[in-house]
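Here is the file upload_20.cif (mmCIF, C-alpha atoms).
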```cif
data_model
loop_
_atom_site.label_atom_id
_atom_site.label_comp_id
_atom_site.auth_asym_id
_atom_site.auth_seq_id
_atom_site.Cartn_x
_atom_site.Cartn_y
_atom_site.Cartn_z
CA MET A 1 -49.15 111.94 -8.04
CA GLY A 2 -51.11 113.38 -5.17
CA LEU A 3 -51.04 113.41 -1.38
CA HIS A 4 -53.60 110.62 -1.09
CA ARG A 5 -53.12 107.86 -3.62
CA TYR A 6 -53.08 104.21 -4.59
CA PRO A 7 -56.04 104.38 -4.68
CA SER A 8 -56.76 108.07 -5.26
CA ALA A 9 -60.21 109.32 -4.18
CA GLY A 10 -61.48 108.85 -7.74
CA GLU A 11 -60.08 105.32 -7.98
CA ALA A 12 -61.55 104.47 -4.58
CA VAL A 13 -65.01 105.66 -5.60
CA GLU A 14 -64.68 103.71 -8.85
CA ALA A 15 -63.88 100.50 -6.91
CA VAL A 16 -66.91 101.07 -4.67
CA ARG A 17 -69.16 101.69 -7.67
CA GLU A 18 -68.00 98.48 -9.36
CA SER A 19 -68.58 96.57 -6.15
CA LEU A 20 -72.12 97.94 -5.76
CA LEU A 21 -73.21 96.66 -9.15
CA GLY A 22 -71.03 93.58 -9.61
CA GLU A 23 -70.77 90.11 -8.12
CA ASP A 24 -70.23 91.63 -4.66
CA ARG A 25 -73.80 92.87 -4.49
CA GLY A 26 -75.44 91.73 -1.25
CA ASP A 27 -72.17 90.66 0.41
CA ALA A 28 -72.33 92.21 3.91
CA TYR A 29 -68.57 92.06 4.50
CA LEU A 30 -67.71 93.78 1.20
CA ALA A 31 -70.41 96.37 1.88
CA ARG A 32 -68.59 97.24 5.12
CA VAL A 33 -65.28 97.45 3.22
CA ALA A 34 -66.90 99.79 0.68
CA ALA A 35 -68.33 101.99 3.46
CA HIS A 36 -64.90 102.11 5.11
CA LEU A 37 -63.33 103.24 1.83
CA LEU A 38 -65.98 105.93 1.36
CA ALA A 39 -65.32 107.17 4.91
CA ILE A 40 -61.67 107.66 3.91
CA VAL A 41 -62.73 109.63 0.84
CA GLU A 42 -65.08 111.67 3.04
CA ARG A 43 -62.22 112.66 5.36
CA GLU A 44 -60.06 113.45 2.35
CA LEU A 45 -62.68 115.81 0.91
CA ALA A 46 -62.98 117.56 4.30
CA ALA A 47 -59.22 117.89 4.83
CA ALA A 48 -57.64 121.34 4.56
CA ARG A 49 -54.35 120.03 3.19
CA GLY A 50 -54.03 118.56 -0.27
CA ASP A 51 -51.68 118.16 -3.21
CA ALA A 52 -50.40 121.75 -3.01
CA TRP A 53 -49.40 121.18 0.61
CA LEU A 54 -47.49 118.02 -0.39
CA ASP A 55 -45.69 119.92 -3.18
CA GLU A 56 -44.59 122.55 -0.64
CA ARG A 57 -43.19 119.91 1.71
CA LEU A 58 -41.32 118.24 -1.16
CA ALA A 59 -40.00 121.61 -2.31
CA GLU A 60 -38.49 122.06 1.17
CA LEU A 61 -36.36 119.03 0.34
CA GLY A 62 -35.60 120.38 -3.15
CA VAL A 63 -37.50 117.74 -5.13
CA ASP A 64 -40.50 117.98 -7.45
CA ASP A 65 -42.20 114.71 -6.60
CA GLU A 66 -42.00 111.57 -4.50
CA ASP A 67 -40.51 109.49 -7.32
CA ALA A 68 -37.50 111.79 -7.31
CA LEU A 69 -37.25 111.71 -3.52
CA ALA A 70 -37.53 107.91 -3.44
CA ALA A 71 -34.73 107.63 -6.00
CA GLU A 72 -32.51 109.95 -3.96
CA VAL A 73 -33.14 108.05 -0.73
CA ARG A 74 -32.31 104.79 -2.48
CA ALA A 75 -29.08 106.26 -3.82
CA GLY A 76 -27.98 107.42 -0.37
CA THR A 77 -28.28 111.16 -1.12
CA TRP A 78 -30.01 111.74 2.24
CA ASP A 79 -27.74 109.65 4.46
CA GLU A 80 -26.01 112.74 5.85
CA ARG A 81 -29.21 114.80 6.19
CA TYR A 82 -31.28 112.08 7.75
CA ASP A 83 -33.10 114.18 10.40
CA GLU A 84 -34.18 116.78 7.87
CA LEU A 85 -35.58 114.05 5.61
CA VAL A 86 -37.38 112.20 8.39
CA GLY A 87 -38.94 115.42 9.72
CA VAL A 88 -40.71 115.98 6.41
CA LEU A 89 -41.58 112.30 5.89
CA ASP A 90 -43.16 112.25 9.37
CA GLU A 91 -45.33 115.25 8.48
CA ILE A 92 -46.47 113.77 5.16
CA THR A 93 -47.12 110.33 6.64
CA ASP A 94 -49.15 111.69 9.56
CA GLU A 95 -51.24 113.81 7.22
CA ARG A 96 -52.01 110.74 5.12
CA LEU A 97 -52.85 108.73 8.21
CA ARG A 98 -55.28 111.37 9.46
CA VAL A 99 -57.29 110.59 6.33
CA ALA A 100 -56.64 106.85 5.91
CA ASN A 101 -56.92 105.72 9.54
CA PRO A 102 -56.76 108.39 12.27
CA ARG A 103 -56.96 105.76 15.03
CA HIS A 104 -53.55 104.46 13.98
CA LEU A 105 -52.04 107.78 15.15
CA ALA A 106 -52.60 106.77 18.80
CA PRO A 107 -49.19 106.53 20.44
CA VAL A 108 -47.67 103.06 20.87
CA ASP A 109 -44.68 102.60 23.15
CA ASP A 110 -44.82 98.96 24.18
CA ASP A 111 -43.79 97.06 21.07
CA ASP A 112 -40.00 96.90 21.32
CA PRO A 113 -39.07 93.20 21.69
CA ARG A 114 -35.75 94.25 23.27
CA SER A 115 -37.81 95.17 26.35
CA GLY A 116 -38.72 91.50 26.85
CA MET B 117 -64.88 71.53 -6.64
CA PRO B 118 -63.31 68.25 -5.46
CA GLU B 119 -65.32 65.08 -6.08
CA PRO B 120 -66.63 63.39 -2.88
CA ALA B 121 -66.08 59.97 -4.44
CA ALA B 122 -62.45 60.78 -5.24
CA LEU B 123 -61.90 61.97 -1.67
CA ALA B 124 -63.40 58.76 -0.27
CA GLU B 125 -61.17 56.68 -2.52
CA GLU B 126 -58.11 58.67 -1.48
CA LEU B 127 -58.89 58.14 2.23
CA ARG B 128 -59.33 54.40 1.72
CA ALA B 129 -56.05 54.22 -0.24
CA ARG B 130 -54.36 55.73 2.83
CA GLY B 131 -55.87 53.12 5.14
CA ARG B 132 -58.57 55.36 6.53
CA LEU B 133 -62.09 54.05 7.01
CA CYS B 134 -64.56 55.73 4.72
CA ASP B 135 -67.80 54.50 3.15
CA GLU B 136 -68.97 57.89 2.04
CA VAL B 137 -67.91 61.56 2.09
CA VAL B 138 -70.63 63.97 3.25
CA ASP B 139 -71.01 67.63 4.19
CA LEU B 140 -68.30 68.81 1.77
CA HIS B 141 -68.20 72.60 2.04
CA ARG B 142 -65.79 75.41 1.35
CA LEU B 143 -64.33 77.32 4.29
CA SER B 144 -63.73 81.05 3.97
CA GLY B 145 -60.28 82.52 4.24
CA GLY B 146 -57.16 81.85 2.21
CA SER B 147 -57.26 83.81 -1.01
CA SER B 148 -54.57 81.83 -2.83
CA ARG B 149 -55.81 78.37 -1.80
CA GLU B 150 -59.19 76.73 -1.57
CA THR B 151 -59.93 75.18 1.82
CA TRP B 152 -62.64 72.52 2.06
CA ALA B 153 -64.02 70.64 5.06
CA PHE B 154 -65.87 67.33 4.95
CA THR B 155 -66.91 64.33 7.01
CA ALA B 156 -66.05 60.70 6.26
CA LEU B 157 -68.72 58.17 7.30
CA ALA B 158 -67.68 54.60 8.10
CA GLY B 159 -70.42 52.61 9.79
CA SER B 160 -71.32 54.67 12.84
CA ASP B 161 -67.96 56.51 12.81
CA ARG B 162 -67.69 60.09 11.65
CA SER B 163 -64.26 61.61 11.02
CA ARG B 164 -63.65 65.14 9.88
CA TYR B 165 -61.00 66.19 7.39
CA VAL B 166 -59.74 69.33 5.70
CA LEU B 167 -58.56 69.61 2.10
CA ARG B 168 -56.34 72.48 1.00
CA ARG B 169 -56.23 72.68 -2.74
CA ASP B 170 -54.93 75.01 -5.46
CA PRO B 171 -57.75 76.55 -7.49
CA ASP B 172 -58.27 74.93 -10.90
CA GLY B 173 -55.82 76.39 -13.39
CA GLU B 174 -53.64 77.94 -10.65
CA ALA B 175 -51.56 74.92 -9.67
CA ASP B 176 -48.52 75.75 -7.53
CA PRO B 177 -46.82 72.36 -7.07
CA VAL B 178 -43.69 73.78 -5.41
CA ARG B 179 -45.67 75.54 -2.70
CA THR B 180 -47.69 72.39 -2.04
CA ARG B 181 -44.52 70.30 -1.81
CA HIS B 182 -42.93 72.79 0.62
CA GLU B 183 -46.02 72.81 2.78
CA ALA B 184 -46.13 69.01 2.86
CA ILE B 185 -42.45 68.75 3.89
CA ALA B 186 -43.01 71.31 6.65
CA LEU B 187 -46.27 69.87 7.98
CA THR B 188 -44.81 66.38 8.13
CA ALA B 189 -41.64 67.47 9.94
CA ALA B 190 -43.44 69.85 12.31
CA SER B 191 -46.02 67.29 13.30
CA ARG B 192 -43.36 64.59 13.84
CA HIS B 193 -41.56 66.93 16.26
CA GLY B 194 -44.61 67.94 18.26
CA VAL B 195 -45.81 71.23 16.80
CA PRO B 196 -49.56 71.24 17.48
CA GLY B 197 -51.58 70.86 14.30
CA PRO B 198 -53.32 68.52 11.91
CA GLU B 199 -51.97 65.20 10.75
CA LEU B 200 -51.17 65.13 7.03
CA VAL B 201 -53.08 62.19 5.56
CA SER B 202 -52.02 62.55 1.95
CA TRP B 203 -50.78 65.13 -0.52
CA SER B 204 -49.84 65.48 -4.14
CA ASP B 205 -48.10 68.10 -6.23
CA SER B 206 -49.79 66.83 -9.37
CA ALA B 207 -53.31 67.35 -10.66
CA ALA B 208 -53.80 63.65 -11.39
CA ARG B 209 -55.73 62.58 -8.32
CA LEU B 210 -57.94 65.49 -7.24
CA GLY B 211 -57.75 67.81 -10.21
CA SER B 212 -55.16 70.09 -8.64
CA PRO B 213 -52.23 69.90 -6.15
CA TYR B 214 -53.57 69.37 -2.63
CA LEU B 215 -52.96 68.58 1.02
CA LEU B 216 -55.45 66.36 2.82
CA MET B 217 -55.31 66.53 6.61
CA THR B 218 -57.23 65.73 9.76
CA HIS B 219 -59.57 68.39 11.12
CA VAL B 220 -58.51 70.22 14.30
CA GLU B 221 -61.01 72.07 16.48
CA GLY B 222 -60.33 75.75 17.13
CA GLU B 223 -61.02 79.35 16.24
CA ALA B 224 -58.93 81.14 13.61
CA ILE B 225 -60.58 84.56 13.50
CA PRO B 226 -58.37 87.04 15.42
CA ARG B 227 -61.25 89.30 16.47
CA ARG B 228 -62.94 86.41 18.27
CA ILE B 229 -59.75 85.06 19.82
CA LEU B 230 -58.94 88.54 21.13
CA ARG B 231 -62.38 89.54 22.39
CA ASP B 232 -64.76 86.61 23.04
CA GLU B 233 -65.28 85.70 26.70
CA ARG B 234 -64.99 82.07 25.65
CA TYR B 235 -61.25 82.50 24.97
CA ALA B 236 -60.40 84.46 28.14
CA ALA B 237 -58.43 81.57 29.66
CA ALA B 238 -56.75 80.82 26.31
CA ARG B 239 -55.53 84.42 26.06
CA GLU B 240 -53.73 84.04 29.39
CA VAL B 241 -51.56 81.21 28.08
CA LEU B 242 -51.40 81.86 24.33
CA GLY B 243 -48.20 83.92 24.33
CA ARG B 244 -46.23 81.24 26.12
CA GLN B 245 -47.74 78.53 23.90
CA LEU B 246 -46.82 80.46 20.75
CA GLY B 247 -43.26 80.72 22.10
CA ARG B 248 -43.11 76.98 22.73
CA ALA B 249 -44.57 76.17 19.29
CA ALA B 250 -42.08 78.48 17.57
CA ALA B 251 -39.13 76.95 19.42
CA THR B 252 -40.40 73.44 18.61
CA LEU B 253 -40.68 74.12 14.90
CA HIS B 254 -37.32 75.90 14.84
CA ALA B 255 -35.73 72.79 16.39
CA VAL B 256 -36.63 70.50 13.47
CA PRO B 257 -33.30 68.97 12.35
CA GLU B 258 -31.82 70.44 9.18
CA ASP B 259 -31.66 67.08 7.42
CA GLU B 260 -35.46 66.97 7.39
CA LEU B 261 -35.66 70.22 5.45
CA ASP B 262 -34.40 68.93 2.11
CA GLY B 263 -36.31 70.64 -0.67
CA LEU B 264 -36.95 73.87 1.24
CA SER B 265 -35.24 76.95 -0.11
CA GLU B 266 -33.88 80.14 1.38
CA ALA B 267 -34.09 83.61 -0.11
CA ASP B 268 -32.57 86.91 0.99
CA PRO B 269 -35.47 88.64 2.75
CA LEU B 270 -34.73 92.19 1.65
CA GLU B 271 -34.16 91.16 -1.97
CA ALA B 272 -37.43 89.20 -2.01
CA ILE B 273 -39.39 92.18 -0.66
CA ARG B 274 -37.59 94.56 -3.04
CA GLU B 275 -38.48 92.36 -5.99
CA ARG B 276 -42.20 92.60 -5.20
CA TYR B 277 -41.94 96.35 -4.49
CA ASP B 278 -40.28 96.92 -7.87
CA LEU B 279 -42.97 94.86 -9.59
CA VAL B 280 -45.66 97.17 -8.20
CA GLY B 281 -43.67 100.22 -9.29
CA GLN B 282 -45.07 102.70 -6.76
CA HIS B 283 -42.16 104.73 -5.38
CA ARG B 284 -42.43 105.44 -1.66
CA PRO B 285 -39.63 107.41 0.07
CA VAL B 286 -40.40 105.91 3.51
CA LEU B 287 -40.10 102.36 2.20
CA GLU B 288 -36.84 103.23 0.40
CA LEU B 289 -35.54 104.61 3.69
CA ALA B 290 -36.48 101.38 5.48
CA PHE B 291 -34.79 99.22 2.80
CA ARG B 292 -31.62 101.28 3.14
CA ARG B 293 -31.50 101.30 6.93
CA LEU B 294 -32.31 97.61 7.25
CA ALA B 295 -29.60 96.67 4.75
CA ALA B 296 -27.10 98.69 6.79
CA ASP B 297 -28.21 97.27 10.17
CA ARG B 298 -28.41 93.61 9.20
CA PRO B 299 -27.71 91.37 12.18
CA PRO B 300 -24.97 88.76 11.90
CA ARG B 301 -26.20 85.73 9.97
CA SER B 302 -27.47 83.11 12.40
CA GLU B 303 -25.45 79.91 12.21
CA ARG B 304 -28.43 77.62 12.12
CA ARG B 305 -30.64 77.63 9.06
CA ALA B 306 -33.86 76.62 10.73
CA LEU B 307 -37.32 75.69 9.55
CA VAL B 308 -39.10 79.06 9.37
CA HIS B 309 -42.90 79.04 9.20
CA GLY B 310 -42.97 82.33 7.31
CA ASP B 311 -46.42 83.54 8.40
CA PHE B 312 -46.46 82.76 12.12
CA ARG B 313 -49.16 84.93 13.72
CA VAL B 314 -52.64 85.06 15.19
CA GLY B 315 -54.91 84.43 12.21
CA ASN B 316 -52.83 81.45 11.09
CA VAL B 317 -53.23 79.41 14.26
CA LEU B 318 -56.24 77.72 15.81
CA VAL B 319 -57.19 78.47 19.40
CA GLY B 320 -59.54 76.51 21.64
CA GLU B 321 -60.74 77.35 25.14
CA ALA B 322 -57.50 76.00 26.63
CA GLY B 323 -55.27 77.79 24.13
CA LEU B 324 -53.31 76.89 21.00
CA THR B 325 -54.53 73.80 19.13
CA ALA B 326 -52.84 74.12 15.74
CA VAL B 327 -50.25 76.01 13.72
CA LEU B 328 -51.63 76.32 10.19
CA ASP B 329 -50.95 77.96 6.83
CA TRP B 330 -47.43 76.77 6.10
CA GLU B 331 -47.45 77.96 2.49
CA LEU B 332 -44.62 80.50 3.02
CA VAL B 333 -42.38 78.01 4.81
CA HIS B 334 -38.64 78.19 4.07
CA ARG B 335 -35.21 77.88 5.64
CA GLY B 336 -33.72 80.81 7.42
CA ASP B 337 -33.09 82.69 10.64
CA PRO B 338 -35.49 81.54 13.38
CA ALA B 339 -35.78 85.14 14.64
CA GLU B 340 -37.82 85.87 11.50
CA ASP B 341 -40.94 84.14 12.82
CA LEU B 342 -40.75 85.98 16.17
CA GLY B 343 -40.20 89.36 14.52
CA TRP B 344 -43.18 88.83 12.20
CA LEU B 345 -45.37 87.85 15.15
CA CYS B 346 -44.43 91.19 16.79
CA VAL B 347 -45.56 93.35 13.83
CA ARG B 348 -48.18 95.84 15.00
CA ALA B 349 -50.75 94.80 12.37
CA TRP B 350 -50.99 91.35 13.99
CA ARG B 351 -52.14 92.88 17.28
CA PHE B 352 -55.50 93.50 15.62
CA SER B 353 -55.85 96.51 17.96
CA GLY B 354 -55.43 94.23 20.99
CA PRO B 355 -53.93 95.62 24.21
CA LEU B 356 -50.65 93.66 24.27
CA PRO B 357 -47.76 93.69 21.80
CA VAL B 358 -47.58 89.98 20.85
CA GLY B 359 -50.61 89.12 18.74
CA GLY B 360 -52.65 91.53 20.84
CA VAL B 361 -52.77 89.02 23.71
CA ALA B 362 -49.32 88.57 25.24
CA THR B 363 -46.18 90.30 26.43
CA PHE B 364 -42.70 89.74 25.03
CA ALA B 365 -41.80 88.10 28.36
CA ASP B 366 -44.61 85.51 27.86
CA LEU B 367 -43.43 84.74 24.32
CA PHE B 368 -39.72 84.55 25.14
CA ASP B 369 -40.30 82.53 28.35
CA GLY B 370 -42.22 79.94 26.35
CA TYR B 371 -39.51 79.92 23.69
CA GLU B 372 -36.79 79.43 26.29
CA GLU B 373 -38.66 76.51 27.91
CA VAL B 374 -38.21 74.51 24.71
CA ALA B 375 -35.08 76.00 23.13
CA GLY B 376 -33.08 76.27 26.33
CA VAL B 377 -31.99 79.79 25.41
CA ARG B 378 -33.81 83.06 24.97
CA PRO B 379 -34.17 84.39 21.43
CA ASP B 380 -31.69 86.99 20.22
CA VAL B 381 -33.84 90.07 20.85
CA ASP B 382 -31.75 92.34 18.62
CA ALA B 383 -32.35 89.97 15.73
CA VAL B 384 -36.07 89.79 16.59
CA ARG B 385 -36.17 93.59 16.51
CA TRP B 386 -34.55 93.70 13.04
CA TRP B 387 -37.03 91.12 11.76
CA GLN B 388 -39.90 93.10 13.29
CA LEU B 389 -38.90 96.02 11.04
CA VAL B 390 -38.41 93.71 8.04
CA GLY B 391 -41.88 92.32 8.77
CA THR B 392 -43.41 95.79 8.90
CA LEU B 393 -41.72 96.67 5.58
CA ASN B 394 -42.85 93.36 4.12
CA TRP B 395 -46.46 93.98 5.18
CA ALA B 396 -46.31 97.48 3.63
CA VAL B 397 -45.19 95.96 0.33
CA ILE B 398 -47.82 93.20 0.55
CA CYS B 399 -50.46 95.94 0.98
CA LEU B 400 -49.08 97.70 -2.11
CA TRP B 401 -49.12 94.38 -3.95
CA GLN B 402 -52.75 93.72 -3.03
CA ALA B 403 -53.77 97.12 -4.39
CA HIS B 404 -51.67 96.38 -7.48
CA ARG B 405 -53.70 93.20 -8.06
CA HIS B 406 -56.77 95.45 -8.25
CA PHE B 407 -55.20 98.13 -10.45
CA SER B 408 -53.54 95.72 -12.86
CA GLY B 409 -56.91 94.08 -13.49
CA MET B 410 -55.66 90.73 -12.11
CA THR B 411 -58.54 90.82 -9.60
CA ARG B 412 -60.78 93.87 -9.52
CA SER B 413 -61.89 94.13 -5.89
CA VAL B 414 -62.99 96.87 -3.53
CA GLU B 415 -61.26 95.00 -0.72
CA LEU B 416 -57.90 94.94 -2.51
CA ALA B 417 -58.25 98.61 -3.45
CA ALA B 418 -58.95 99.53 0.19
CA ILE B 419 -55.79 97.73 1.37
CA GLY B 420 -53.76 100.21 -0.68
CA ARG B 421 -54.60 102.90 1.85
CA ARG B 422 -53.14 100.75 4.64
CA VAL B 423 -49.59 101.17 3.34
CA VAL B 424 -49.33 104.44 5.22
CA GLU B 425 -50.02 102.68 8.56
CA GLN B 426 -46.89 100.61 8.03
CA GLU B 427 -44.94 103.68 6.89
CA HIS B 428 -45.94 105.43 10.11
CA ASP B 429 -44.79 102.43 12.16
CA LEU B 430 -41.53 102.14 10.21
CA LEU B 431 -40.67 105.79 10.87
CA ARG B 432 -41.49 105.30 14.56
CA LEU B 433 -39.47 102.07 14.90
CA LEU B 434 -36.51 103.46 12.95
CA GLY B 435 -36.61 106.53 15.20
CA GLU B 436 -36.35 104.33 18.29
CA GLY B 437 -33.04 103.04 16.94
#
```
Would you give me this structure, written as structure tokens?
Amino acid sequence: MGLHRYPSAGEAVEAVRESLLGEDRGDAYLARVAAHLLAIVERELAAARGDAWLDERLAELGVDDEDALAAEVRAGTWDERYDELVGVLDEITDERLRVANPRHLAPVDDDDPRSG
Amino acid sequence: MPEPAALAEELRARGRLCDEVVDLHRLSGGSSRETWAFTALAGSDRSRYVLRRDPDGEADPVRTRHEAIALTAASRHGVPGPELVSWSDSAARLGSPYLLMTHVEGEAIPRRILRDERYAAAREVLGRQLGRAAATLHAVPEDELDGLSEADPLEAIRERYDLVGQHRPVLELAFRRLAADRPPRSERRALVHGDFRVGNVLVGEAGLTAVLDWELVHRGDPAEDLGWLCVRAWRFSGPLPVGGVATFADLFDGYEEVAGVRPDVDAVRWWQLVGTLNWAVICLWQAHRHFSGMTRSVELAAIGRRVVEQEHDLLRLLGEG
């Protein structure tokens, strides 16, 4: 279970390869989707942080992997240490987003319906 | 593929003029349903129709029945959209459950609605029109909703999340917080469209022409539709928070014009978070369809990497309290 997953870089490349040779061949829209997925893999390969970095962040919270952390969150283990948990989840999520879609990191502050 | 002769016969059986069905072609969009357009010729008259149909071997009679109940009620009460000509939840007539409706002019593709010069005037009024349409459909009397069901939203999302089996701490956090912050149950169990957003409506140069894609219709809290409409993904990178084209004031003003009261904004906020969580789990589910071998697809695989966008938004929205 790595930092970037579902699909992992290998699984993403596999999906692109299948698309290149399968029924999708010649479909302009799916070609753009494939290029988009390869751009993600490209950023992932260039990124300084990887699985070891994720393991360090999880170790700060005293867990070995995200399955264990997810189970603890579900069970309420982190209810009293919410800020500590969210600090690490923010870091991990932003790192993933820098690879998956850096434009989505642009700040948004106008989407609270209670302002309307 | 539906048979043109069977379509012509069906139209005539419903009292519609039709000598011949021509120009039958499949429209793109809608991965779970086939959508076909065609023209009925009768003398010098040409009338256009749309057929929504389950793919062969993937009949979903309950969904078709729900959509027919909703379309009929919504159209009777003035929600803009097509007229339902005929429908069936059996495969007997057209090979698969279907809905046959009149064709409505308009653009469905969000990118065009948001950016083409042609829709500049429509964008000015769309937010208010969406508010009015939502309030109109939410006002359908409860006794016309027989046959529609209601599910607990968090349980339904959790069920799909568990099916995928990918464990995500941010999503677990959102499930937990949303369960704790649930708003009081709204008294009215309204008709809820279930997928009310740009992309599922048609827009002409003067604005909204149709509310489409009723396949997730159910009974529930009317704030659900407004919260879903306010999910960031449905801005399609547009400049304004409601569908990329409107402010909350536009949407709620339009809603109030019809409903007489403004929506409960705290409930809308809760449903906005539920919607963001739901979209995260739908993204996981789409990737799961690829990984499980149900449908190998580069497009479905790519959607898996969008989960983190929703996780980012969930952390931000939860942080705003």
Inset, instruction - Provide as a PyMOL selection string the residues of chain A at most 9 Å from chain B, counting only C-alpha atoms. - result: chain A and resi 4-7+11-12+14-19+24+30+33-34+36-37+40+66-76+86+89-90+93-94+96-97+100-101+104-105+110-116
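Our summary of the geometry notes that atom CA of Ala339 of chain B is positioned 16.0 Å from atom CA of Arg244 of chain B.
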Inset, instruction - Report the distance between atom CA of Leu157 of chain B and atom CA of Met217 of chain B in Å, rounded to one decimal place. - result: 15.8 Å
Coordinates of box centre and edge lengths for segment 14-29 of chain A, 6 Å on every side, axis-aligned, as lines of an AutoDock Vina configuration file:
```
center_x = -69.7
center_y = 96.9
center_z = -2.6
size_x = 23.6
size_y = 25.6
size_z = 26.1
```
Counting all atoms listed in the file, which residues come within 12 Å of (-58.3, 117.8, -2.6), with the point read in the file's coordinates, and could you list them as a CSV table (one decimal) with C-alpha atoms, in the frame of the given file?
```
chain,number,residue,atom,x,y,z
A,2,GLY,CA,-51.1,113.4,-5.2
A,3,LEU,CA,-51.0,113.4,-1.4
A,4,HIS,CA,-53.6,110.6,-1.1
A,5,ARG,CA,-53.1,107.9,-3.6
A,8,SER,CA,-56.8,108.1,-5.3
A,9,ALA,CA,-60.2,109.3,-4.2
A,10,GLY,CA,-61.5,108.8,-7.7
A,41,VAL,CA,-62.7,109.6,0.8
A,42,GLU,CA,-65.1,111.7,3.0
A,43,ARG,CA,-62.2,112.7,5.4
A,44,GLU,CA,-60.1,113.4,2.4
A,45,LEU,CA,-62.7,115.8,0.9
A,46,ALA,CA,-63.0,117.6,4.3
A,47,ALA,CA,-59.2,117.9,4.8
A,48,ALA,CA,-57.6,121.3,4.6
A,49,ARG,CA,-54.4,120.0,3.2
A,50,GLY,CA,-54.0,118.6,-0.3
A,51,ASP,CA,-51.7,118.2,-3.2
A,52,ALA,CA,-50.4,121.8,-3.0
A,53,TRP,CA,-49.4,121.2,0.6
A,54,LEU,CA,-47.5,118.0,-0.4
A,99,VAL,CA,-57.3,110.6,6.3
```
Just say which residues the PyMOL selection byres ((chain B and resi 140) around 7) picks in this file, as a PDB file with C-alpha atoms, keeping the file's coordinate frame.
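So result_6.pdb came out as:
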```
ATOM      1  CA  VAL B 138     -70.630  63.970   3.250  1.00  0.00           C
ATOM      2  CA  ASP B 139     -71.010  67.630   4.190  1.00  0.00           C
ATOM      3  CA  HIS B 141     -68.200  72.600   2.040  1.00  0.00           C
ATOM      4  CA  TRP B 152     -62.640  72.520   2.060  1.00  0.00           C
ATOM      5  CA  ALA B 153     -64.020  70.640   5.060  1.00  0.00           C
ATOM      6  CA  PHE B 154     -65.870  67.330   4.950  1.00  0.00           C
TER       7      PHE B 154
END
```
Legend entry - Å distance separating atom CA of Thr411 of chain B from atom CA of Glu174 of chain B, one decimal place: 13.8 Å
Legend entry - Selection dump of the PyMOL selection byres ((chain B and resi 327) around 7), as a list in words: Pro196, Gly197, Asn316, Val317, Leu318, Ala326 and Leu328 of chain B
Legend entry - Option closest in space to Val13 of chain A, from A:Ala28, A:Met1, A:Val63, A:Ala35 [counting all atoms listed in the file]: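 Closest residue, counting all atoms listed in the file: A:Ala35.
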Inset, instruction - Please evaluate the PyMOL selection byres ((chain B and resi 148-150) around 12) against the displayed coordinates and give the resulting residues as number ranges by chain. - result: B: 117-118, 141-147, 151-153, 166-176, 179-180, 212-216, 329-332, 411
